[in-house]
>>> print(open('input-v2.tsv').read())   # TSV, C-alpha atoms
chain	number	residue	atom	x	y	z
A	1	MET	CA	-38.68	-6.37	30.88
A	2	PRO	CA	-36.49	-3.56	32.33
A	3	ARG	CA	-33.19	-4.39	34.02
A	4	ILE	CA	-33.55	-5.04	37.76
A	5	PRO	CA	-30.82	-3.15	39.67
A	6	PHE	CA	-29.14	-4.40	42.82
A	7	THR	CA	-30.12	-1.81	45.42
A	8	GLU	CA	-28.84	-0.71	48.81
A	9	GLU	CA	-32.03	-2.14	50.31
A	10	MET	CA	-31.22	-5.56	48.83
A	11	LYS	CA	-27.74	-5.37	50.34
A	12	ASP	CA	-29.19	-4.42	53.75
A	13	ARG	CA	-31.69	-7.29	53.53
A	14	GLY	CA	-28.82	-9.75	53.10
A	15	TYR	CA	-29.29	-10.77	49.50
A	16	THR	CA	-26.87	-13.52	48.47
A	17	ILE	CA	-24.54	-12.72	45.58
A	18	ALA	CA	-23.87	-15.81	43.46
A	19	ILE	CA	-20.38	-15.93	41.94
A	20	PRO	CA	-19.28	-18.50	39.31
A	21	ASN	CA	-16.03	-19.95	40.70
A	22	MET	CA	-13.34	-19.65	38.04
A	23	SER	CA	-10.29	-20.37	40.21
A	24	PRO	CA	-10.78	-21.92	43.69
A	25	ILE	CA	-7.62	-20.49	45.26
A	26	HIS	CA	-8.13	-16.93	44.00
A	27	PHE	CA	-11.89	-16.78	44.44
A	28	ASN	CA	-11.90	-18.21	47.97
A	29	ILE	CA	-9.67	-15.28	48.93
A	30	MET	CA	-11.84	-12.84	46.93
A	31	LYS	CA	-14.92	-14.11	48.76
A	32	ARG	CA	-13.53	-12.76	52.02
A	33	ILE	CA	-13.28	-9.30	50.44
A	34	PHE	CA	-16.99	-9.37	49.58
A	35	ILE	CA	-17.80	-10.37	53.15
A	36	ASN	CA	-15.60	-7.58	54.49
A	37	HIS	CA	-17.62	-5.02	52.51
A	38	GLY	CA	-21.01	-6.19	53.76
A	39	PHE	CA	-22.02	-8.63	51.01
A	40	ARG	CA	-23.04	-12.29	51.28
A	41	PRO	CA	-21.19	-14.16	48.52
A	42	VAL	CA	-21.63	-17.79	47.55
A	43	LEU	CA	-19.21	-19.48	45.14
A	44	LEU	CA	-21.00	-21.78	42.72
A	45	GLU	CA	-19.48	-25.27	42.54
A	46	ASN	CA	-22.33	-27.24	40.89
A	47	SER	CA	-20.95	-29.09	37.87
A	48	SER	CA	-23.44	-31.82	36.94
A	49	PRO	CA	-24.38	-32.48	33.28
A	50	SER	CA	-27.52	-30.40	33.87
A	51	VAL	CA	-25.30	-27.29	33.87
A	52	ILE	CA	-24.57	-27.79	30.17
A	53	GLN	CA	-28.21	-28.65	29.43
A	54	GLU	CA	-29.45	-25.47	31.12
A	55	GLY	CA	-26.86	-23.46	29.21
A	56	LEU	CA	-27.93	-24.93	25.88
A	57	LYS	CA	-31.56	-24.22	26.72
A	58	TYR	CA	-31.04	-20.49	27.27
A	59	VAL	CA	-27.86	-19.57	25.32
A	60	HIS	CA	-27.45	-19.85	21.54
A	61	ASN	CA	-24.80	-22.45	20.75
A	62	ASP	CA	-22.96	-19.93	18.56
A	63	MET	CA	-21.88	-18.19	21.76
A	64	CYS	CA	-18.60	-19.29	23.28
A	65	TYR	CA	-18.56	-22.21	25.69
A	66	PRO	CA	-17.64	-20.27	28.87
A	67	CYS	CA	-20.78	-18.14	28.43
A	68	LEU	CA	-22.94	-21.24	28.11
A	69	LEU	CA	-21.34	-22.81	31.20
A	70	VAL	CA	-21.53	-19.75	33.44
A	71	ILE	CA	-25.18	-19.02	32.61
A	72	GLY	CA	-26.08	-22.70	32.81
A	73	GLN	CA	-24.38	-23.01	36.20
A	74	ILE	CA	-26.30	-20.04	37.61
A	75	ILE	CA	-29.71	-21.28	36.42
A	76	ASP	CA	-28.90	-24.84	37.52
A	77	ALA	CA	-27.96	-23.58	41.00
A	78	ILE	CA	-31.31	-21.77	41.26
A	79	ASN	CA	-33.26	-24.81	40.06
A	80	ARG	CA	-31.47	-27.03	42.58
A	81	GLY	CA	-32.17	-24.66	45.45
A	82	ILE	CA	-28.49	-23.95	46.05
A	83	ILE	CA	-29.41	-20.28	46.05
A	84	ASP	CA	-32.76	-18.62	46.82
A	85	LYS	CA	-34.23	-17.14	43.65
A	86	ASP	CA	-36.13	-14.50	45.63
A	87	HIS	CA	-33.18	-13.24	47.68
A	88	THR	CA	-30.25	-13.60	45.30
A	89	ALA	CA	-28.30	-11.44	42.87
A	90	VAL	CA	-25.68	-12.76	40.47
A	91	ILE	CA	-22.44	-11.09	39.44
A	92	ILE	CA	-20.51	-11.45	36.21
A	93	SER	CA	-17.44	-9.69	34.82
A	94	GLN	CA	-17.72	-7.31	31.87
A	95	THR	CA	-14.51	-6.13	30.20
A	96	GLY	CA	-16.05	-3.83	27.61
A	97	GLY	CA	-13.60	-5.02	24.96
A	98	GLY	CA	-14.14	-6.63	21.57
A	99	CYS	CA	-14.36	-10.19	22.91
A	100	ARG	CA	-17.80	-11.82	23.06
A	101	ALA	CA	-17.30	-12.02	26.84
A	102	SER	CA	-18.44	-8.39	27.04
A	103	ASN	CA	-21.92	-9.61	26.09
A	104	TYR	CA	-22.22	-12.19	28.89
A	105	TYR	CA	-23.91	-9.60	31.10
A	106	PHE	CA	-26.75	-8.97	28.64
A	107	LEU	CA	-27.05	-12.63	27.70
A	108	LEU	CA	-27.41	-13.56	31.37
A	109	ILE	CA	-30.21	-11.02	31.84
A	110	LYS	CA	-31.97	-12.38	28.77
A	111	ALA	CA	-31.52	-16.00	29.89
A	112	LEU	CA	-32.91	-15.28	33.36
A	113	GLU	CA	-35.95	-13.58	31.85
A	114	ARG	CA	-36.61	-16.55	29.56
A	115	ALA	CA	-36.27	-18.90	32.54
A	116	GLY	CA	-38.89	-16.94	34.48
A	117	LEU	CA	-36.23	-15.49	36.79
A	118	GLY	CA	-36.27	-11.90	35.59
A	119	ASN	CA	-36.59	-10.64	39.17
A	120	ILE	CA	-32.96	-11.58	39.88
A	121	PRO	CA	-30.58	-8.58	39.70
A	122	VAL	CA	-27.45	-9.02	37.58
A	123	ILE	CA	-24.36	-7.10	38.74
A	124	SER	CA	-21.70	-6.13	36.21
A	125	ALA	CA	-18.17	-6.26	37.66
A	126	ASN	CA	-16.15	-3.72	35.69
A	127	LEU	CA	-13.95	-0.67	36.18
A	128	GLN	CA	-15.58	1.45	33.45
A	129	GLY	CA	-18.79	2.29	35.32
A	130	MET	CA	-20.95	0.33	32.89
A	131	ASN	CA	-24.42	-0.82	33.99
A	132	ALA	CA	-24.04	0.57	37.50
A	133	ASN	CA	-26.00	-0.77	40.48
A	134	PRO	CA	-26.69	1.48	43.48
A	135	GLY	CA	-26.13	-1.38	45.94
A	136	PHE	CA	-22.77	-2.47	44.51
A	137	LYS	CA	-19.92	-0.05	43.94
A	138	ILE	CA	-16.28	-0.96	43.41
A	139	THR	CA	-14.48	1.34	45.83
A	140	LEU	CA	-10.75	2.07	46.07
A	141	PRO	CA	-10.33	-0.18	49.17
A	142	MET	CA	-12.05	-3.02	47.29
A	143	MET	CA	-9.76	-2.51	44.29
A	144	VAL	CA	-6.65	-2.56	46.48
A	145	GLN	CA	-7.81	-5.69	48.28
A	146	ALA	CA	-8.74	-7.40	45.00
A	147	PHE	CA	-5.31	-6.58	43.58
A	148	THR	CA	-3.57	-8.06	46.61
A	149	ALA	CA	-5.85	-11.12	46.47
A	150	LEU	CA	-4.69	-11.77	42.91
A	151	VAL	CA	-1.04	-11.47	43.95
A	152	TYR	CA	-1.47	-13.81	46.92
A	153	GLY	CA	-3.64	-16.21	44.90
A	154	ASP	CA	-1.02	-16.41	42.16
A	155	MET	CA	1.69	-17.09	44.74
A	156	LEU	CA	-0.32	-19.87	46.39
A	157	MET	CA	-1.23	-21.41	43.02
A	158	LEU	CA	2.31	-21.23	41.64
A	159	LEU	CA	3.98	-22.86	44.64
A	160	SER	CA	1.25	-25.38	45.44
A	161	ASN	CA	1.46	-26.69	41.87
A	162	GLN	CA	5.20	-27.22	42.32
A	163	VAL	CA	4.84	-28.98	45.69
A	164	LYS	CA	1.62	-31.02	45.62
A	165	PRO	CA	2.80	-33.66	43.07
A	166	TYR	CA	5.81	-34.43	45.30
A	167	GLU	CA	4.41	-34.13	48.83
A	168	VAL	CA	5.22	-36.99	51.18
A	169	ASN	CA	2.08	-36.52	53.28
A	170	ALA	CA	-1.02	-36.12	51.16
A	171	GLY	CA	-2.93	-32.97	52.06
A	172	ASP	CA	0.00	-30.90	53.36
A	173	THR	CA	-0.21	-28.51	50.41
A	174	GLU	CA	-3.95	-27.94	50.87
A	175	LYS	CA	-3.37	-27.19	54.55
A	176	VAL	CA	-0.97	-24.38	53.64
A	177	ILE	CA	-3.47	-22.96	51.14
A	178	ASP	CA	-6.25	-23.08	53.76
A	179	LYS	CA	-3.98	-21.50	56.37
A	180	TRP	CA	-3.15	-18.52	54.19
A	181	THR	CA	-6.71	-18.11	52.94
A	182	ASP	CA	-7.75	-17.71	56.59
A	183	ILE	CA	-4.85	-15.38	57.43
A	184	LEU	CA	-5.59	-13.12	54.47
A	185	GLY	CA	-9.32	-13.19	55.18
A	186	THR	CA	-8.65	-11.95	58.70
A	187	CYS	CA	-6.43	-9.18	57.32
A	188	TYR	CA	-9.20	-8.06	54.95
A	189	GLU	CA	-11.76	-8.09	57.75
A	190	ARG	CA	-9.49	-5.85	59.83
A	191	ASN	CA	-8.49	-3.88	56.72
A	192	ARG	CA	-4.81	-3.97	57.59
A	193	GLY	CA	-1.74	-6.17	57.36
A	194	TYR	CA	-2.03	-7.17	53.70
A	195	PHE	CA	-0.55	-4.33	51.62
A	196	TRP	CA	2.86	-3.02	50.67
A	197	GLY	CA	5.44	-3.75	53.39
A	198	ASN	CA	3.15	-6.35	54.91
A	199	MET	CA	2.64	-7.87	51.47
A	200	ARG	CA	6.38	-8.35	50.96
A	201	LYS	CA	6.64	-9.99	54.38
A	202	LYS	CA	3.71	-12.31	53.71
A	203	LEU	CA	5.00	-13.35	50.27
A	204	PHE	CA	8.25	-14.44	51.92
A	205	GLN	CA	6.34	-16.31	54.64
A	206	ILE	CA	4.20	-18.12	52.06
A	207	ALA	CA	7.34	-19.28	50.23
A	208	ASP	CA	8.80	-20.46	53.56
A	209	ASP	CA	5.69	-22.50	54.35
A	210	PHE	CA	5.68	-24.30	51.02
A	211	ALA	CA	9.42	-24.94	51.19
A	212	ALA	CA	8.93	-26.56	54.61
A	213	ILE	CA	6.52	-29.22	53.26
A	214	PRO	CA	8.25	-32.64	53.12
A	215	VAL	CA	8.60	-33.72	49.50
A	216	LYS	CA	10.14	-36.51	47.49
A	217	ARG	CA	11.36	-35.11	44.19
A	218	VAL	CA	11.17	-37.68	41.41
A	219	PRO	CA	11.27	-37.07	37.65
A	220	LYS	CA	7.83	-36.12	36.37
A	221	VAL	CA	6.43	-34.89	33.09
A	222	LYS	CA	5.97	-31.14	33.37
A	223	VAL	CA	2.87	-29.76	31.64
A	224	GLY	CA	1.84	-26.15	31.15
A	225	VAL	CA	-1.78	-25.08	30.62
A	226	VAL	CA	-2.74	-21.98	28.63
A	227	GLY	CA	-5.82	-20.75	26.81
A	228	GLU	CA	-8.92	-18.61	27.22
A	229	ILE	CA	-8.95	-17.38	30.82
A	230	TYR	CA	-12.06	-19.26	31.99
A	231	MET	CA	-11.09	-22.50	30.24
A	232	LYS	CA	-7.57	-22.26	31.61
A	233	TYR	CA	-8.49	-21.96	35.30
A	234	SER	CA	-12.02	-23.33	35.69
A	235	ARG	CA	-12.48	-26.98	36.63
A	236	LEU	CA	-15.98	-26.81	35.21
A	237	GLY	CA	-14.73	-25.32	31.95
A	238	ASN	CA	-11.86	-27.73	31.29
A	239	SER	CA	-13.33	-30.89	32.88
A	240	ASP	CA	-10.86	-30.64	35.78
A	241	LEU	CA	-7.87	-30.73	33.44
A	242	GLN	CA	-5.36	-30.19	36.23
A	243	GLY	CA	-6.78	-33.07	38.26
A	244	PHE	CA	-6.58	-35.34	35.21
A	245	LEU	CA	-2.98	-34.35	34.44
A	246	GLU	CA	-1.94	-34.92	38.07
A	247	SER	CA	-3.67	-38.33	38.07
A	248	GLU	CA	-1.47	-39.16	35.07
A	249	GLY	CA	1.63	-38.34	37.12
A	250	ALA	CA	2.35	-34.86	35.73
A	251	GLU	CA	3.36	-31.62	37.40
A	252	VAL	CA	1.14	-28.79	36.17
A	253	MET	CA	2.06	-25.15	35.69
A	254	LEU	CA	-0.59	-22.44	35.27
A	255	PRO	CA	0.51	-18.88	34.40
A	256	PRO	CA	-0.41	-16.24	37.02
A	257	MET	CA	-3.83	-14.60	36.72
A	258	MET	CA	-2.22	-11.21	37.31
A	259	GLY	CA	-0.65	-11.55	33.87
A	260	PHE	CA	-4.08	-11.12	32.26
A	261	VAL	CA	-4.81	-8.02	34.36
A	262	LEU	CA	-1.49	-6.45	33.37
A	263	TYR	CA	-2.15	-7.44	29.76
A	264	CYS	CA	-5.42	-5.48	29.86
A	265	PHE	CA	-3.65	-2.44	31.33
A	266	ALA	CA	-0.81	-2.66	28.82
A	267	ASN	CA	-3.29	-2.83	25.95
A	268	GLY	CA	-4.53	0.64	26.93
A	269	ILE	CA	-0.99	1.94	26.61
A	270	LYS	CA	-0.56	0.24	23.23
A	271	ASP	CA	-3.89	1.64	21.99
A	272	GLU	CA	-2.74	5.19	22.76
A	273	GLU	CA	0.54	4.51	20.96
A	274	TYR	CA	-1.14	3.07	17.86
A	275	TYR	CA	-4.36	5.06	17.61
A	276	GLY	CA	-4.12	8.06	19.97
A	277	GLY	CA	-6.66	9.08	22.60
A	278	ARG	CA	-6.78	8.11	26.29
A	279	ALA	CA	-3.40	9.80	26.74
A	280	ARG	CA	-4.00	10.45	30.45
A	281	TYR	CA	-4.82	6.80	31.14
A	282	ALA	CA	-1.77	5.64	29.17
A	283	PHE	CA	0.49	8.09	31.04
A	284	LEU	CA	-0.77	7.01	34.48
A	285	MET	CA	-0.43	3.31	33.69
A	286	LYS	CA	2.96	3.65	32.02
A	287	HIS	CA	4.61	5.86	34.64
A	288	ILE	CA	2.76	5.00	37.85
A	289	GLY	CA	0.64	1.83	37.62
A	290	MET	CA	3.02	-0.52	35.81
A	291	PRO	CA	6.15	0.53	37.80
A	292	LEU	CA	4.29	-0.13	41.08
A	293	LEU	CA	3.18	-3.53	39.84
A	294	THR	CA	6.76	-4.27	38.80
A	295	ILE	CA	7.85	-3.76	42.42
A	296	VAL	CA	5.34	-6.39	43.57
A	297	GLU	CA	6.59	-8.78	40.87
A	298	LYS	CA	10.11	-8.26	42.19
A	299	TRP	CA	9.05	-9.12	45.76
A	300	THR	CA	7.39	-12.33	44.55
A	301	ASP	CA	10.51	-13.36	42.64
A	302	GLU	CA	12.79	-12.54	45.57
A	303	ALA	CA	10.65	-14.67	47.89
A	304	ILE	CA	10.67	-17.66	45.52
A	305	GLU	CA	14.27	-17.47	44.29
A	306	ARG	CA	15.59	-18.22	47.79
A	307	TYR	CA	14.57	-21.82	47.13
A	308	PRO	CA	16.26	-23.37	44.08
A	309	GLU	CA	13.64	-26.13	43.83
A	310	PHE	CA	11.00	-23.55	42.87
A	311	ARG	CA	10.55	-21.82	39.51
A	312	THR	CA	9.34	-18.25	39.28
A	313	ALA	CA	6.81	-17.06	36.71
A	314	ALA	CA	7.94	-14.67	34.00
A	315	THR	CA	7.66	-10.99	34.76
A	316	PHE	CA	5.28	-9.01	32.59
A	317	LYS	CA	8.22	-7.34	30.84
A	318	GLU	CA	9.54	-10.78	29.94
A	319	LEU	CA	6.13	-11.76	28.60
A	320	GLU	CA	6.10	-8.69	26.36
A	321	GLU	CA	9.55	-9.66	25.06
A	322	TYR	CA	8.44	-13.24	24.38
A	323	ALA	CA	5.41	-11.97	22.48
A	324	GLU	CA	7.37	-9.55	20.31
A	325	ARG	CA	9.40	-12.46	18.94
A	326	PHE	CA	6.26	-13.99	17.43
A	327	ILE	CA	3.30	-11.60	17.28
A	328	ASP	CA	2.48	-7.89	17.34
A	329	ARG	CA	1.19	-6.63	20.68
A	330	GLY	CA	-1.62	-4.84	18.91
A	331	CYS	CA	-3.22	-8.28	18.58
A	332	LYS	CA	-5.35	-8.07	21.71
A	333	MET	CA	-8.81	-9.56	21.22
A	334	GLY	CA	-9.51	-12.16	23.88
A	335	GLU	CA	-6.18	-13.31	25.31
A	336	GLY	CA	-4.44	-12.07	22.16
A	337	TRP	CA	-0.66	-11.88	22.25
A	338	LEU	CA	-0.60	-12.94	25.91
A	339	LEU	CA	-1.56	-16.48	24.91
A	340	THR	CA	1.40	-16.77	22.56
A	341	ALA	CA	3.71	-15.21	25.15
A	342	GLU	CA	2.59	-17.62	27.88
A	343	MET	CA	3.35	-20.62	25.67
A	344	ALA	CA	6.85	-19.26	25.01
A	345	GLU	CA	7.29	-18.58	28.72
A	346	LEU	CA	6.30	-22.12	29.71
A	347	ILE	CA	8.70	-23.63	27.19
A	348	GLU	CA	11.53	-21.41	28.46
A	349	LYS	CA	10.73	-22.39	32.07
A	350	GLY	CA	10.95	-26.13	31.32
A	351	TYR	CA	7.24	-26.82	30.69
A	352	GLY	CA	7.51	-27.60	27.00
A	353	ASN	CA	4.53	-29.96	27.11
A	354	ILE	CA	1.56	-27.64	26.76
A	355	VAL	CA	-2.22	-28.06	26.65
A	356	CYS	CA	-3.85	-25.09	24.91
A	357	THR	CA	-7.48	-24.95	26.07
A	358	GLN	CA	-9.83	-23.34	23.56
A	359	PRO	CA	-13.57	-22.75	23.49
A	360	PHE	CA	-14.66	-24.03	20.09
A	361	GLY	CA	-15.18	-21.13	17.71
A	362	CYS	CA	-13.19	-18.61	19.79
A	363	LEU	CA	-11.41	-16.93	16.89
A	364	PRO	CA	-8.83	-14.95	18.94
A	365	ASN	CA	-7.71	-18.11	20.75
A	366	HIS	CA	-7.61	-20.19	17.58
A	367	ILE	CA	-5.37	-17.57	15.96
A	368	CYS	CA	-3.11	-16.67	18.90
A	369	GLY	CA	-3.11	-20.18	20.38
A	370	LYS	CA	-3.52	-22.94	17.82
A	371	GLY	CA	-2.42	-20.67	14.99
A	372	MET	CA	0.91	-19.89	16.67
A	373	ILE	CA	1.96	-23.49	17.33
A	374	ARG	CA	3.93	-23.72	14.08
A	375	PRO	CA	6.16	-20.65	14.68
A	376	LEU	CA	6.66	-21.79	18.28
A	377	LYS	CA	7.67	-25.26	17.07
A	378	GLU	CA	10.14	-23.67	14.66
A	379	ALA	CA	11.69	-21.67	17.50
A	380	TYR	CA	11.45	-24.53	20.03
A	381	PRO	CA	11.71	-27.84	18.11
A	382	ASP	CA	11.38	-29.92	21.28
A	383	SER	CA	8.10	-28.31	22.35
A	384	ASN	CA	5.08	-30.61	22.57
A	385	ILE	CA	1.85	-28.60	22.23
A	386	VAL	CA	-1.67	-29.96	21.89
A	387	PRO	CA	-4.74	-27.70	21.33
A	388	ILE	CA	-7.94	-29.01	22.91
A	389	ASP	CA	-11.35	-27.68	21.92
A	390	TYR	CA	-14.08	-27.50	24.57
A	391	ASP	CA	-17.76	-27.23	23.70
A	392	PRO	CA	-21.03	-29.01	24.55
A	393	SER	CA	-20.51	-31.66	21.87
A	394	ALA	CA	-16.88	-32.44	22.77
A	395	THR	CA	-16.57	-35.64	24.79
A	396	LYS	CA	-14.26	-35.87	27.77
A	397	VAL	CA	-12.94	-39.23	26.50
A	398	ASN	CA	-11.76	-37.75	23.20
A	399	GLN	CA	-10.19	-34.76	24.95
A	400	GLU	CA	-8.33	-36.97	27.42
A	401	ASN	CA	-7.18	-39.37	24.70
A	402	ARG	CA	-5.57	-36.49	22.80
A	403	ILE	CA	-3.88	-35.33	26.00
A	404	LYS	CA	-2.69	-38.89	26.71
A	405	LEU	CA	-0.97	-38.96	23.31
A	406	MET	CA	0.86	-35.75	24.24
A	407	LEU	CA	1.83	-37.25	27.62
A	408	ALA	CA	3.09	-40.44	25.96
A	409	VAL	CA	5.49	-38.40	23.81
A	410	ALA	CA	6.56	-36.45	26.90
A	411	ARG	CA	7.25	-39.63	28.90
A	412	GLU	CA	9.38	-41.08	26.11
A	413	LYS	CA	11.49	-37.95	26.08
A	414	LEU	CA	11.75	-37.95	29.90
A	415	GLU	CA	12.97	-41.57	29.84
A	416	GLU	CA	15.55	-40.76	27.16
A	417	GLU	CA	16.86	-37.87	29.24
A	418	GLY	CA	17.13	-40.15	32.29
A	419	ARG	CA	19.26	-42.78	30.56
>>> encode(input="input-v2.tsv", output="structure tokens")
Amino acid sequence: MPRIPFTEEMKDRGYTIAIPNMSPIHFNIMKRIFINHGFRPVLLENSSPSVIQEGLKYVHNDMCYPCLLVIGQIIDAINRGIIDKDHTAVIISQTGGGCRASNYYFLLIKALERAGLGNIPVISANLQGMNANPGFKITLPMMVQAFTALVYGDMLMLLSNQVKPYEVNAGDTEKVIDKWTDILGTCYERNRGYFWGNMRKKLFQIADDFAAIPVKRVPKVKVGVVGEIYMKYSRLGNSDLQGFLESEGAEVMLPPMMGFVLYCFANGIKDEEYYGGRARYAFLMKHIGMPLLTIVEKWTDEAIERYPEFRTAATFKELEEYAERFIDRGCKMGEGWLLTAEMAELIEKGYGNIVCTQPFGCLPNHICGKGMIRPLKEAYPDSNIVPIDYDPSATKVNQENRIKLMLAVAREKLEEEGR
């Protein structure tokens, strides 16, 4: 069956675009960008056991777990009537790199065909022009808005994670997140008030709002979460790992999503250095793109550093320096060297208790995550890192029991430090 494109006519007829929700804070902001550009997005939240069963039915179990979950969630949503199979398109990212994630697009098309849903268009979200659809084009305004959404989303995630475990009035943190999601959505609808000078102003205002939330700071175990990008952020992928850790009395730190975007850009520069080719791209990113992004990083840090109770995330330059102590930056399949760098960053920032989330069989993550625990332990003897595999056969009880052992060690150390 030939690929069904998403056409301008489908957009005009109000087709829904189903989006697997990887990170609630970021994607709820992104959703407003889609609306602003004339699309009708719906974020998929269905997470019943039937998601895994649908994924296993239509995806070979040799494929990585995020692929199985995303495809299973889409088909499950159609079967449940959450989205209309006759007036819906689905969208999925496609990096074009060596990771198996580049094949999700084709696997989704194949799965929909096998499920008798071959009439549903599949949109590839990428910046390389692959598998284009006439009704969906990533324009410069969309790219600028998406970039700012990542910056704002990272800011909201970073500060909310440092406030929510200590808030005096339950729900105050969520109210600030909702407030800024609405403010930014209005800015995107008006197509003004969200970029450059306005961005700096808003980053400072966001920090002010979180600092104003009444909190009661008590000693808590601090836990960092790293891993494959979907498993790290997705509640569906990691069985709501953050919620579990917070229920166990921990403060959770997640590295910014922008770090992965910068990592992808920096890999292009490193490729040109190692192998040649793409010199123009490398020049533009090295001398224009990365310096501009560094300015935004500086604004974020300036906004946060005014409040000593908050910790900033590492800058991308710092991440590169962390990585170079342990691994070559030519190691870039999947999360590659970034995964190792993020673990070093978390330890340096005081989050030495780390859960490394890994899809079972994801070779890049097993090498750059689990495989780098020993050199990290040698450099940071007090670090407490536990790798957790996620796949259809892994039980939540076993995963949580392993995490509880890590937390028990962390609590003992916290008590010793408090004596």
>>> residues_near_point(input="input-v2.tsv", point="(-23.6, -17.8, 29.9)", cutoff="8 Å", atoms="all atoms listed in the file", output="number ranges by chain")
A: 55, 59, 65-72, 104, 107-108
>>> write_last_selection(input="input-v2.tsv", atoms="C-alpha atoms", output="PDB file, in the coordinates of the input")
ATOM      1  CA  GLY A  55     -26.860 -23.460  29.210  1.00  0.00           C
ATOM      2  CA  VAL A  59     -27.860 -19.570  25.320  1.00  0.00           C
ATOM      3  CA  TYR A  65     -18.560 -22.210  25.690  1.00  0.00           C
ATOM      4  CA  PRO A  66     -17.640 -20.270  28.870  1.00  0.00           C
ATOM      5  CA  CYS A  67     -20.780 -18.140  28.430  1.00  0.00           C
ATOM      6  CA  LEU A  68     -22.940 -21.240  28.110  1.00  0.00           C
ATOM      7  CA  LEU A  69     -21.340 -22.810  31.200  1.00  0.00           C
ATOM      8  CA  VAL A  70     -21.530 -19.750  33.440  1.00  0.00           C
ATOM      9  CA  ILE A  71     -25.180 -19.020  32.610  1.00  0.00           C
ATOM     10  CA  GLY A  72     -26.080 -22.700  32.810  1.00  0.00           C
ATOM     11  CA  TYR A 104     -22.220 -12.190  28.890  1.00  0.00           C
ATOM     12  CA  LEU A 107     -27.050 -12.630  27.700  1.00  0.00           C
ATOM     13  CA  LEU A 108     -27.410 -13.560  31.370  1.00  0.00           C
TER      14      LEU A 108
END
>>> residues_around(input="input-v2.tsv", residues="stretch 348-352 of chain A", least_positions_apart="4", cutoff="8 Å", atoms="only C-alpha atoms", output="PyMOL selection string")
chain A and resi 222-224+253+311+344+382-385
>>> residues_around(input="input-v2.tsv", residues="stretch 236-252 of chain A", least_positions_apart="3", cutoff="8 Å", atoms="all atoms listed in the file", output="list of chain:residue names")
A:Ser47, A:Tyr65, A:Pro66, A:Leu69, A:Asn161, A:Gln162, A:Pro165, A:Lys220, A:Val221, A:Lys222, A:Val223, A:Gly224, A:Val225, A:Tyr230, A:Met231, A:Lys232, A:Tyr233, A:Thr357, A:Tyr390, A:Lys396
>>> atom_distance(input="input-v2.tsv", atom1="atom CA of A:Leu184", atom2="atom CA of A:Val226")
27.5 Å
>>> residues_around(input="input-v2.tsv", residues="stretch 271-274 of chain A", least_positions_apart="5", cutoff="10 Å", atoms="all atoms listed in the file", output="ChimeraX atom specification")
/A:266,279-283,329-330,332
>>> closest_atom_pairs(input="input-v2.tsv", of="stretch 316-389 of chain A", to="stretch 292-301 of chain A", cutoff="12 Å", atoms="all atoms listed in the file", output="JSON lines")
{"residue": "A:Phe316", "atom": "CA", "partner": "A:Thr294", "partner_atom": "CA", "distance": 8.0}
{"residue": "A:Lys317", "atom": "CA", "partner": "A:Thr294", "partner_atom": "CA", "distance": 8.7}
{"residue": "A:Glu318", "atom": "CA", "partner": "A:Thr294", "partner_atom": "CA", "distance": 11.3}
>>> write_last_selection(input="input-v2.tsv", atoms="C-alpha atoms", output="PDB file, in the coordinates of the input")
ATOM      1  CA  PHE A 316       5.280  -9.010  32.590  1.00  0.00           C
ATOM      2  CA  LYS A 317       8.220  -7.340  30.840  1.00  0.00           C
ATOM      3  CA  GLU A 318       9.540 -10.780  29.940  1.00  0.00           C
TER       4      GLU A 318
END
>>> closest_residue(input="input-v2.tsv", among="A:Phe326, A:Phe136, A:Phe147, A:Phe27", to="A:Leu262", atoms="only C-alpha atoms")
A:Phe147
>>> residues_near_point(input="input-v2.tsv", point="(-13.4, -3.4, 50.1)", cutoff="9 Å", atoms="only C-alpha atoms", output="MDAnalysis selection string")
chainID A and resid 33:38 138:146 188 191
>>> write_last_selection(input="input-v2.tsv", atoms="C-alpha atoms", output="compact mmCIF listing (two decimals), keeping the file's coordinate frame")
# COMPACT_ATOMS: atom_id res chain seq x y z
CA ILE A 33 -13.28 -9.30 50.44
CA PHE A 34 -16.99 -9.37 49.58
CA ILE A 35 -17.80 -10.37 53.15
CA ASN A 36 -15.60 -7.58 54.49
CA HIS A 37 -17.62 -5.02 52.51
CA GLY A 38 -21.01 -6.19 53.76
CA ILE A 138 -16.28 -0.96 43.41
CA THR A 139 -14.48 1.34 45.83
CA LEU A 140 -10.75 2.07 46.07
CA PRO A 141 -10.33 -0.18 49.17
CA MET A 142 -12.05 -3.02 47.29
CA MET A 143 -9.76 -2.51 44.29
CA VAL A 144 -6.65 -2.56 46.48
CA GLN A 145 -7.81 -5.69 48.28
CA ALA A 146 -8.74 -7.40 45.00
CA TYR A 188 -9.20 -8.06 54.95
CA ASN A 191 -8.49 -3.88 56.72
>>> atom_distance(input="input-v2.tsv", atom1="atom CA of A:Val215", atom2="atom CA of A:Val168")
5.0 Å
>>> residues_around(input="input-v2.tsv", residues="stretch 199-209 of chain A", least_positions_apart="6", cutoff="8 Å", atoms="all atoms listed in the file", output="PyMOL selection string")
chain A and resi 148+152+155-156+159+176+180+193+296+299-300+303-304
>>> axis_aligned_box(input="input-v2.tsv", around="stretch 154-168 of chain A", padding_each_side="4 Å", output="JSON")
{"center_x": 2.3, "center_y": -26.7, "center_z": 46.4, "size_x": 15.0, "size_y": 28.6, "size_z": 17.5}
>>> closest_residue(input="input-v2.tsv", among="A:Met130, A:Ile183, A:Val151, A:Val355", to="A:Trp196", atoms="all atoms listed in the file")
A:Val151
>>> closest_residue(input="input-v2.tsv", among="A:Glu320, A:Asn133, A:Asn28, A:Arg114", to="A:Leu43", atoms="all atoms listed in the file")
A:Asn28
